[in-house]
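As structure tokens, the structure follows; a few thoughts come after it.
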Amino acid sequence: MRMLLLILTMAVACAGIFYAHTPAVAGEPQIVPVEQPGNRDAWPILKRYDQEHLARIALPLGGIGTGTLSLGGRADLRDWEIMNRPAKGFVPLRGGLGSFFALCVKTAEGQVLTRALEGPIEPSDYEGSHGSTMPNHSLPRFRHCIFAAAYPLGQVMLSDPCVPVDVRIEAFNPLIPPDANDSGIPVAILRYVICNKTDKLMTASVCGSMPNFIGIDGSGSTKDWKGDLVAVGGRANQNEFRKGQNVQGIFMYSKGVAPRAEQWGTIGLATTGGTGVTYRTSWTSQSWGSSLLDFWDDFSSDGRLEDRPATGEDTPMASLAVQVKLPPHGTERVTFLVTWHFPNRQTWTPKNNEQDRIGNYYTTRYSDAWDVAEKFAPQLAELEAKTVQFVRAFCDSNLPEVVKEAALFNVSTLRTQTCFRTEDGRFYGWEGCSNTRGCCHGSCTHVWNYEQATAYLFGALAKSMRQVEFAYATGDTGLMSFRVNLPLERARDFGKAAADGQMGCIMKMYRDWQLSGDDEMLKALWPHVKRAVEFCWIEGGWDADRDGVMEGCQHNTMDVEYYGPNPQMGVWYLGALRAAEEMSRYLGEDDFAGTCHELLERGKVWIDRNLFNGEYYEHKIQPPKDKSEIAPSLLVGMGAKDITKPDYQLGSGCLVDQLVGQYMAHVCGLGYLLEPTNVRKTLQNIMKYNLRQGLYGHFNCMRSFALGDESALLMASYPKDRPQNPFPYFSEVMTGFEYAAAVGMLYEGQVENGLKCIQNIRDRYDGQKRSPFDEAECGHHYARAMASWAAILALTGFHYSGVEKTMTLAPREGTFFWSNGYAWGICTLARTKEGINVELAVSRGELALGRFVLDGFGYNHFDKALQIKAGKKVEFQVSRERS
């Protein structure tokens with residue numbers, strides 16, 4: 001019934017789209033090459049932003065675990081976050097001048113025009129005690145600007161009636177699922193596409209300038225574990241011109257910043273251009289604007305640069321220019337690479353000793369920033385083509401635009417300082433980022449439970465998180481530290497358990513085992529997983545009476561402890577029992593599977609009978625008599641002072657993500673954990689009670705992530721009565737929770753409501769008010785927001801089991817992107833009188849397929865499992881099952 005509702009509502013939502021029929025193949029299908037499309041060099045565009053919606057745009061450019069710099073909405077470079085920590089708003093400056101690119105054009109008549117390759121500055125940035133404080137405010141620039149994106153591809157279109165050329169900036173970093181290495185290169189590619197608007201030949205030069213800011217990370221000075229001052233700005237930084245086989249440009253290093261400092265490393269500014277290259281390794285000394293004047297006059301004279309003697313300053317400016325000929329109405333491209341290499345990442349739980357250095361995986365692959373440039377340049381065309389192929393396939397999928405935007409743009413979080421890889425390649429994440437440091441350490445389980453992008457795009461990274469959670473963070477008692485300390489020798493030092501975090505990790509273990517088909521991983525981690533389930537039943541634990549219902553002290557993602565049965569923790573628990581049942585049965589542990597099944601059945605009946613109030617599920621507050629009733633490891637200490645009369649409870653409220661465990665069960669293909677009718681009613685009433693269409697009249701006692709006439713789902717509403725002091729975030733709005741509710745609606749066929757919630761979110765991140773690439777919660781680039789990827793799964797009905805070699809989709813006509821974390825491709829479905837024709841293509845990775853299911857319609861079982869490699873496809877027909 002759920003799938004039928006979804007198909008009918010999606011058919012309405014996507015009415016008017018025409019689908020071509022695919023010929024079916026009789027008998028056993030044959031694997032054949034995918035037809036290669038013609039020239040498709042133009043980058044796909046998912047979202048455009050006009051000049052009124054550019055102010056907040058900051059598109060992160062960098063690889064997974066490398067840090068980033070960001071392309072601003074007007075083509076400026078901002079948020080230079082490449083030195084192992086966040087640096088929001090940080091632009092490295094030299095005398096008020098930041099990094100910038102400039103254009104010099106000389107017409108056939110000899111007229112010379114020089115412009116910064118940026119759009120207009122916002123009027124709100126005009127004012128200051130000494131004039132505008134915006135970096136590069138004094139430079140002439142283009143009048144008109146448009147931003148377009150399909151992450152990681154960002155484009156800025158600059159035009160000006162007074163300038164004889166238009167310029168398009170193409171900026172990106174390779175994003176090539178499932179390859180985390182090719183998606184983890186410390187480089188920002190900036191390509192300047194110059195279009196001659198006249199019918200005459202002209203000369204054009206593009207010049208990039210930036211200070212050598214090694215030692216300056218945007219947070220101020222730091223001290224190392226010995227107490228030595230290791231970075232107070234730059235110290236004796238040096239610039240050197242280099243010419244390699246594939247690139248030439250400026251190599252930046254430091255003779256003064258301590259090699260052990262987190263801010264010590266190297267930077268490169270290079271071009272792939274082979275001719276017409278000039279440079280400066282230094283500008284003249286700063287004196288009342290004369291340094292900038294000297295550069296501008298030099299560049300504007302002929303579009304070329306003359307070097308200047310080193311001045312001995314600590315953060316010398318460097319410039320690199322490339323000159324090209326522009327034929328009449330012709331186009332030329334100039335490509336620059338900004339590369340970096342900062343190896344000394346420090347732990348998020350320091351003890352002020354040498355073990356605090358955990359390093360970066362990416363720096364083990366390159367010796368320095370110049371090595372990055374030389375190795376990357378020959379790969380540029382190939383990696384760009386693979387990136388464009390991925391993005392185009394995703395964008396061409398027949399899904400609502402807002403769903404694709406929410407899913408794809410939030411993938412950018414994987415590239416920010418929220419995430420990193422240690423030298424052994426393991427993947428970790430903060431919850432989010434404050435302006436100058438990570439926010440809330442430890443790959444926090446109760447936050448990372450929600451996101452789905454990592455598992456479905458980079459499965460190996462997700463598996464590394466499961467290994468850390470179970471093999472390192474889970475002790476002999478089954479307690480999983482919901483924050484992991486580093487290095488891994490300290491993994492369990494945090495020593496506290498979160499009910500939702502631990503249960504979600506068990507479900508993620510099931511998900512990642514199914515997606516990968518990795519039986520060896522399951523066998524190796526199963527003893528830890530089993531203990532994590534059994535931990536629920538310890539004396540004073542979450543379900544000490546073993547009735548399938550969590551009643552104990554339940555620390556959770558609201559940063560408090562709930563006391564008594566509640567839907568949020570209760571359904572997570574049911575999902576963990578369901579997942580554990582499947583895993584233990586597969587491993588032949590039928591007795592444990594039976595125990596999990598019995599508790600699951602008892603728990604679901606009790607929750608439906610006792611917590612569902614006819615509209616939604618409530619929390620029955622049951623405080624303990626005293627602390628002796630609670631296992632000490634469950635009291636995190638962020639909740640009520642008097643646990644016999646606890647504050648910070650949900651109570652009778654309608655919680656936005658009360659069904660998050662059901663959301664995860666649908667993602668995992670584990671079926672319903674509660675009565676389906678009650679699930680659907682609950683989601684309908686979350687819309688009824690929690691949706692605010694405009695917030696002018698809404699009182700909020702905490703943080704504001706939505707304001708004014710913006711629409712959003714509140715964290716909780718209280719249609720009946722409200723505790724005097726509910727959990728702290730009840731009046732807030734947070735996108736990750738909204739996505740979980742919206743995706744739940746999509747799974748239940750409530751497509752109009754689900755899409756409305758997602759649209760409300762993305763309307764708030766419109767470029768004018770907030771960056772489309774930075775959904776915040778407890779910090780920028782918050783991990784929970786990557787729950788948006790699950791909307792793709794819900795609308796396509798996608799499931800994959802590498803264990804059973806089975807792919808499942810909803811039986812809806814169209815072309816759909818699919819990915820399982822180890823391969824991705826497209827699948828086209830077309831109805832005929834005989835059934836549904838299927839064309840399944842693999843673009844990257846390799847897919848094992850023994851069975852293909854169109855949920856609620858029919859399936860194909862192949863006598864021998866197919867191994868479909870990248871660039872291959874298979875065609876077959878699925879006939880309707882007869883009831």
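Each chain in the structure tokens gets a letter, A, B and so on, in the order shown; residues start at 1 in every chain, and ligands are counted from 1 in the order they appear.
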Item to check | Close residues, Tyr562 (chain A) itself excluded, 10 Å, only C-alpha atoms, min 5 positions apart in chain, as a PyMOL selection string | outcome: chain A and resi 499+550-556+568-569+619-623+639-640+643+646-651+727
Written file, previous selection with N, CA, C and O atoms, as a compact mmCIF listing (two decimals), in the first residue's frame:
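Written output follows (out.txt):
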```
# COMPACT_ATOMS: atom_id res chain seq x y z
N ALA A 499 21.24 6.80 23.87
CA ALA A 499 20.28 5.76 23.47
C ALA A 499 20.03 5.78 21.97
O ALA A 499 20.11 4.74 21.30
N MET A 550 11.92 1.22 25.87
CA MET A 550 12.91 1.97 26.64
C MET A 550 12.21 2.83 27.67
O MET A 550 11.42 3.72 27.33
N GLU A 551 12.51 2.57 28.95
CA GLU A 551 11.95 3.40 30.01
C GLU A 551 13.02 4.14 30.80
O GLU A 551 12.74 5.10 31.50
N GLY A 552 14.27 3.69 30.72
CA GLY A 552 15.33 4.21 31.57
C GLY A 552 15.79 5.59 31.19
O GLY A 552 15.16 6.30 30.40
N CYS A 553 16.93 5.97 31.72
CA CYS A 553 17.53 7.29 31.47
C CYS A 553 18.14 7.28 30.07
O CYS A 553 19.12 6.59 29.81
N GLN A 554 17.58 8.09 29.17
CA GLN A 554 17.93 8.01 27.75
C GLN A 554 18.53 9.33 27.28
O GLN A 554 17.82 10.25 26.88
N HIS A 555 19.86 9.43 27.34
CA HIS A 555 20.50 10.60 26.76
C HIS A 555 20.32 10.54 25.25
O HIS A 555 20.39 9.47 24.64
N ASN A 556 20.11 11.72 24.63
CA ASN A 556 19.74 11.71 23.22
C ASN A 556 20.17 12.99 22.53
O ASN A 556 20.81 13.86 23.12
N GLN A 568 10.70 8.76 20.14
CA GLN A 568 11.99 8.98 19.48
C GLN A 568 12.97 7.85 19.79
O GLN A 568 13.50 7.19 18.90
N MET A 569 13.22 7.61 21.07
CA MET A 569 14.13 6.53 21.45
C MET A 569 13.47 5.17 21.26
O MET A 569 14.14 4.20 20.89
N HIS A 619 5.30 11.25 24.82
CA HIS A 619 6.29 10.81 25.79
C HIS A 619 5.64 10.72 27.16
O HIS A 619 5.10 11.71 27.66
N LYS A 620 5.67 9.55 27.77
CA LYS A 620 5.16 9.37 29.13
C LYS A 620 6.33 9.51 30.10
O LYS A 620 7.19 8.64 30.18
N ILE A 621 6.36 10.62 30.79
CA ILE A 621 7.48 10.92 31.68
C ILE A 621 7.40 10.02 32.92
O ILE A 621 6.40 10.02 33.63
N GLN A 622 8.46 9.27 33.16
CA GLN A 622 8.53 8.37 34.31
C GLN A 622 9.88 8.57 35.00
O GLN A 622 10.84 7.85 34.74
N PRO A 623 9.98 9.55 35.88
CA PRO A 623 11.26 9.81 36.54
C PRO A 623 11.60 8.70 37.53
O PRO A 623 10.71 8.07 38.11
N GLY A 639 21.32 17.06 31.55
CA GLY A 639 19.89 17.15 31.74
C GLY A 639 19.53 17.83 33.04
O GLY A 639 20.20 18.73 33.52
N ALA A 640 18.46 17.34 33.67
CA ALA A 640 17.92 17.99 34.85
C ALA A 640 18.82 17.78 36.06
O ALA A 640 19.48 16.76 36.21
N ILE A 643 16.66 14.64 39.09
CA ILE A 643 16.11 13.66 38.16
C ILE A 643 14.80 13.07 38.63
O ILE A 643 14.10 12.42 37.86
N PRO A 646 12.30 15.82 36.72
CA PRO A 646 13.18 16.29 35.64
C PRO A 646 12.56 17.38 34.77
O PRO A 646 11.39 17.32 34.39
N ASP A 647 13.38 18.38 34.47
CA ASP A 647 13.06 19.33 33.41
C ASP A 647 13.50 18.74 32.08
O ASP A 647 14.00 17.62 32.00
N TYR A 648 13.34 19.49 31.02
CA TYR A 648 13.87 19.18 29.69
C TYR A 648 13.30 17.86 29.13
O TYR A 648 14.01 17.10 28.49
N GLN A 649 12.01 17.66 29.35
CA GLN A 649 11.34 16.47 28.81
C GLN A 649 10.46 16.87 27.64
O GLN A 649 10.04 18.02 27.50
N LEU A 650 10.15 15.91 26.78
CA LEU A 650 9.24 16.16 25.66
C LEU A 650 7.80 16.22 26.13
O LEU A 650 7.04 17.09 25.75
N GLY A 651 7.41 15.26 26.95
CA GLY A 651 6.04 15.22 27.45
C GLY A 651 5.03 14.97 26.34
O GLY A 651 5.24 14.13 25.46
N PHE A 727 12.31 20.24 26.67
CA PHE A 727 13.68 20.09 26.18
C PHE A 727 14.08 21.40 25.48
O PHE A 727 13.26 22.09 24.90
```
Checklist entry - Taking the backbone alone, and naming residues the way the document does, which bits of region 626-715 of chain A are helix (DSSP H, G or I) by DSSP, as a PyMOL selection string? => result chain A and resi 627-629+632-634+660-668+676-690
Could you dump the residues just selected with C-alpha atoms as an mmCIF file, in the first residue's frame?
```
data_model
loop_
_atom_site.group_PDB
_atom_site.id
_atom_site.type_symbol
_atom_site.label_atom_id
_atom_site.label_comp_id
_atom_site.auth_asym_id
_atom_site.auth_seq_id
_atom_site.Cartn_x
_atom_site.Cartn_y
_atom_site.Cartn_z
ATOM 1 C CA LYS A 627 20.037 7.938 40.952
ATOM 2 C CA SER A 628 20.559 4.401 42.205
ATOM 3 C CA GLU A 629 18.004 3.216 39.634
ATOM 4 C CA PRO A 632 26.063 5.627 35.899
ATOM 5 C CA SER A 633 27.211 5.493 32.276
ATOM 6 C CA LEU A 634 23.774 6.735 31.142
ATOM 7 C CA VAL A 660 13.106 8.955 12.960
ATOM 8 C CA GLY A 661 13.579 5.257 13.711
ATOM 9 C CA GLN A 662 10.877 4.459 11.153
ATOM 10 C CA TYR A 663 12.578 6.783 8.674
ATOM 11 C CA MET A 664 15.772 4.774 9.105
ATOM 12 C CA ALA A 665 13.916 1.470 8.865
ATOM 13 C CA HIS A 666 12.483 2.501 5.499
ATOM 14 C CA VAL A 667 15.945 3.541 4.299
ATOM 15 C CA CYS A 668 17.283 0.143 5.376
ATOM 16 C CA PRO A 676 1.292 1.826 9.379
ATOM 17 C CA THR A 677 -1.974 3.720 9.848
ATOM 18 C CA ASN A 678 -0.606 5.364 12.978
ATOM 19 C CA VAL A 679 2.615 6.257 11.179
ATOM 20 C CA ARG A 680 0.712 8.034 8.415
ATOM 21 C CA LYS A 681 -1.565 9.859 10.851
ATOM 22 C CA THR A 682 1.414 11.016 12.867
ATOM 23 C CA LEU A 683 3.134 12.509 9.835
ATOM 24 C CA GLN A 684 -0.045 14.276 8.790
ATOM 25 C CA ASN A 685 -0.346 15.801 12.250
ATOM 26 C CA ILE A 686 3.292 16.866 12.339
ATOM 27 C CA MET A 687 2.344 19.020 9.343
ATOM 28 C CA LYS A 688 -0.828 20.143 11.096
ATOM 29 C CA TYR A 689 0.757 21.136 14.391
ATOM 30 C CA ASN A 690 4.435 21.888 13.656
#
```
Next on the checklist: So that I can check the surroundings of Gln658 (chain A), please list as a PyMOL selection string every protein, DNA and RNA residue that reaches within 9 Å of it, counting only C-alpha atoms and ignoring chain neighbours fewer than 5 positions away.
Outcome noted: chain A and resi 566-569+571+616-618+682+741
Next on the checklist: When DSSP is applied to the backbone of this structure, which of region 364-464 of chain A are assigned strand (DSSP E or B)? Write them out as number ranges by chain.
Outcome noted: A: 419-421, 427-429, 432-433, 438-439
Dump as a PDB file, in the first residue's frame, selection limited to N, CA and C atoms:
```pdb
ATOM      1  N   CYS A 419      34.453  17.512   8.245  1.00  0.00           N
ATOM      2  CA  CYS A 419      34.909  16.135   8.033  1.00  0.00           C
ATOM      3  C   CYS A 419      36.417  16.088   7.797  1.00  0.00           C
ATOM      4  N   PHE A 420      37.025  14.979   8.190  1.00  0.00           N
ATOM      5  CA  PHE A 420      38.444  14.787   7.904  1.00  0.00           C
ATOM      6  C   PHE A 420      38.767  13.294   7.897  1.00  0.00           C
ATOM      7  N   ARG A 421      39.927  12.974   7.333  1.00  0.00           N
ATOM      8  CA  ARG A 421      40.457  11.612   7.338  1.00  0.00           C
ATOM      9  C   ARG A 421      41.836  11.640   7.985  1.00  0.00           C
ATOM     10  N   PHE A 427      37.664   7.871   8.378  1.00  0.00           N
ATOM     11  CA  PHE A 427      36.836   9.064   8.161  1.00  0.00           C
ATOM     12  C   PHE A 427      36.141   9.443   9.464  1.00  0.00           C
ATOM     13  N   TYR A 428      36.187  10.741   9.801  1.00  0.00           N
ATOM     14  CA  TYR A 428      35.579  11.242  11.030  1.00  0.00           C
ATOM     15  C   TYR A 428      34.837  12.536  10.736  1.00  0.00           C
ATOM     16  N   GLY A 429      33.999  12.929  11.681  1.00  0.00           N
ATOM     17  CA  GLY A 429      33.302  14.190  11.496  1.00  0.00           C
ATOM     18  C   GLY A 429      32.923  14.854  12.804  1.00  0.00           C
ATOM     19  N   GLY A 432      29.404  19.897  13.353  1.00  0.00           N
ATOM     20  CA  GLY A 432      29.435  21.022  12.428  1.00  0.00           C
ATOM     21  C   GLY A 432      30.651  21.863  12.742  1.00  0.00           C
ATOM     22  N   CYS A 433      30.669  23.094  12.283  1.00  0.00           N
ATOM     23  CA  CYS A 433      31.822  23.972  12.474  1.00  0.00           C
ATOM     24  C   CYS A 433      31.375  25.310  13.048  1.00  0.00           C
ATOM     25  N   GLY A 438      36.089  23.327  15.093  1.00  0.00           N
ATOM     26  CA  GLY A 438      35.011  22.365  14.966  1.00  0.00           C
ATOM     27  C   GLY A 438      34.058  22.469  16.131  1.00  0.00           C
ATOM     28  N   CYS A 439      32.828  22.045  15.897  1.00  0.00           N
ATOM     29  CA  CYS A 439      31.794  22.163  16.925  1.00  0.00           C
ATOM     30  C   CYS A 439      31.270  20.772  17.279  1.00  0.00           C
TER      31      CYS A 439
END
```
Checklist entry - Can you list, as a ChimeraX atom specification, every protein, DNA or RNA residue that comes within 8 Å of region 853-860 of chain A when you count only C-alpha atoms, leaving out same-chain residues fewer than 3 positions away? => result /A:3-4,797,806-811,877-881
Next on the checklist: Counting only C-alpha atoms, which residue out of A:Cys395, A:Val338, A:Val32, A:Val656 sits closest to Tyr718 (chain A)?
Outcome noted: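 Among the listed residues, A:Val656 lies closest to Tyr718 (chain A).
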Checklist entry - So which residues touch Thr331 (chain A) within 8 Å, counting only C-alpha atoms, skipping near sequence neighbours fewer than 2 positions away, as number ranges by chain? => result A: 193-196, 326-327, 329, 333
Each residue of region 312-356 of chain A lying at most 8 Å from region 485-493 of chain A should get a row with its shortest atom-to-atom pair and the distance in Å to one decimal, counting only C-alpha atoms; could you produce that, ordered by chain and increasing number, as CSV?
```
residue,atom,partner,partner_atom,distance
A:Thr347,CA,A:Leu486,CA,5.7
A:Trp348,CA,A:Leu486,CA,6.8
A:Thr349,CA,A:Asn485,CA,5.8
A:Gln355,CA,A:Pro487,CA,7.2
A:Asp356,CA,A:Pro487,CA,7.2
```
Item to check | Length of the CA of Thr418 (chain A) to CA of Arg345 (chain A) vector [Å] | outcome: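 Taking CA of Thr418 (chain A) as the start and CA of Arg345 (chain A) as the end point, the length is 13.1 Å.
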Checklist entry - What does the distance from CA of Asn700 (chain A) to CA of Pro726 (chain A) come to in Å, to one decimal? => result 12.4 Å
Checklist outcome for this item: CA of Glu738 (chain A) to CA of Gln768 (chain A) measures 21.3 Å
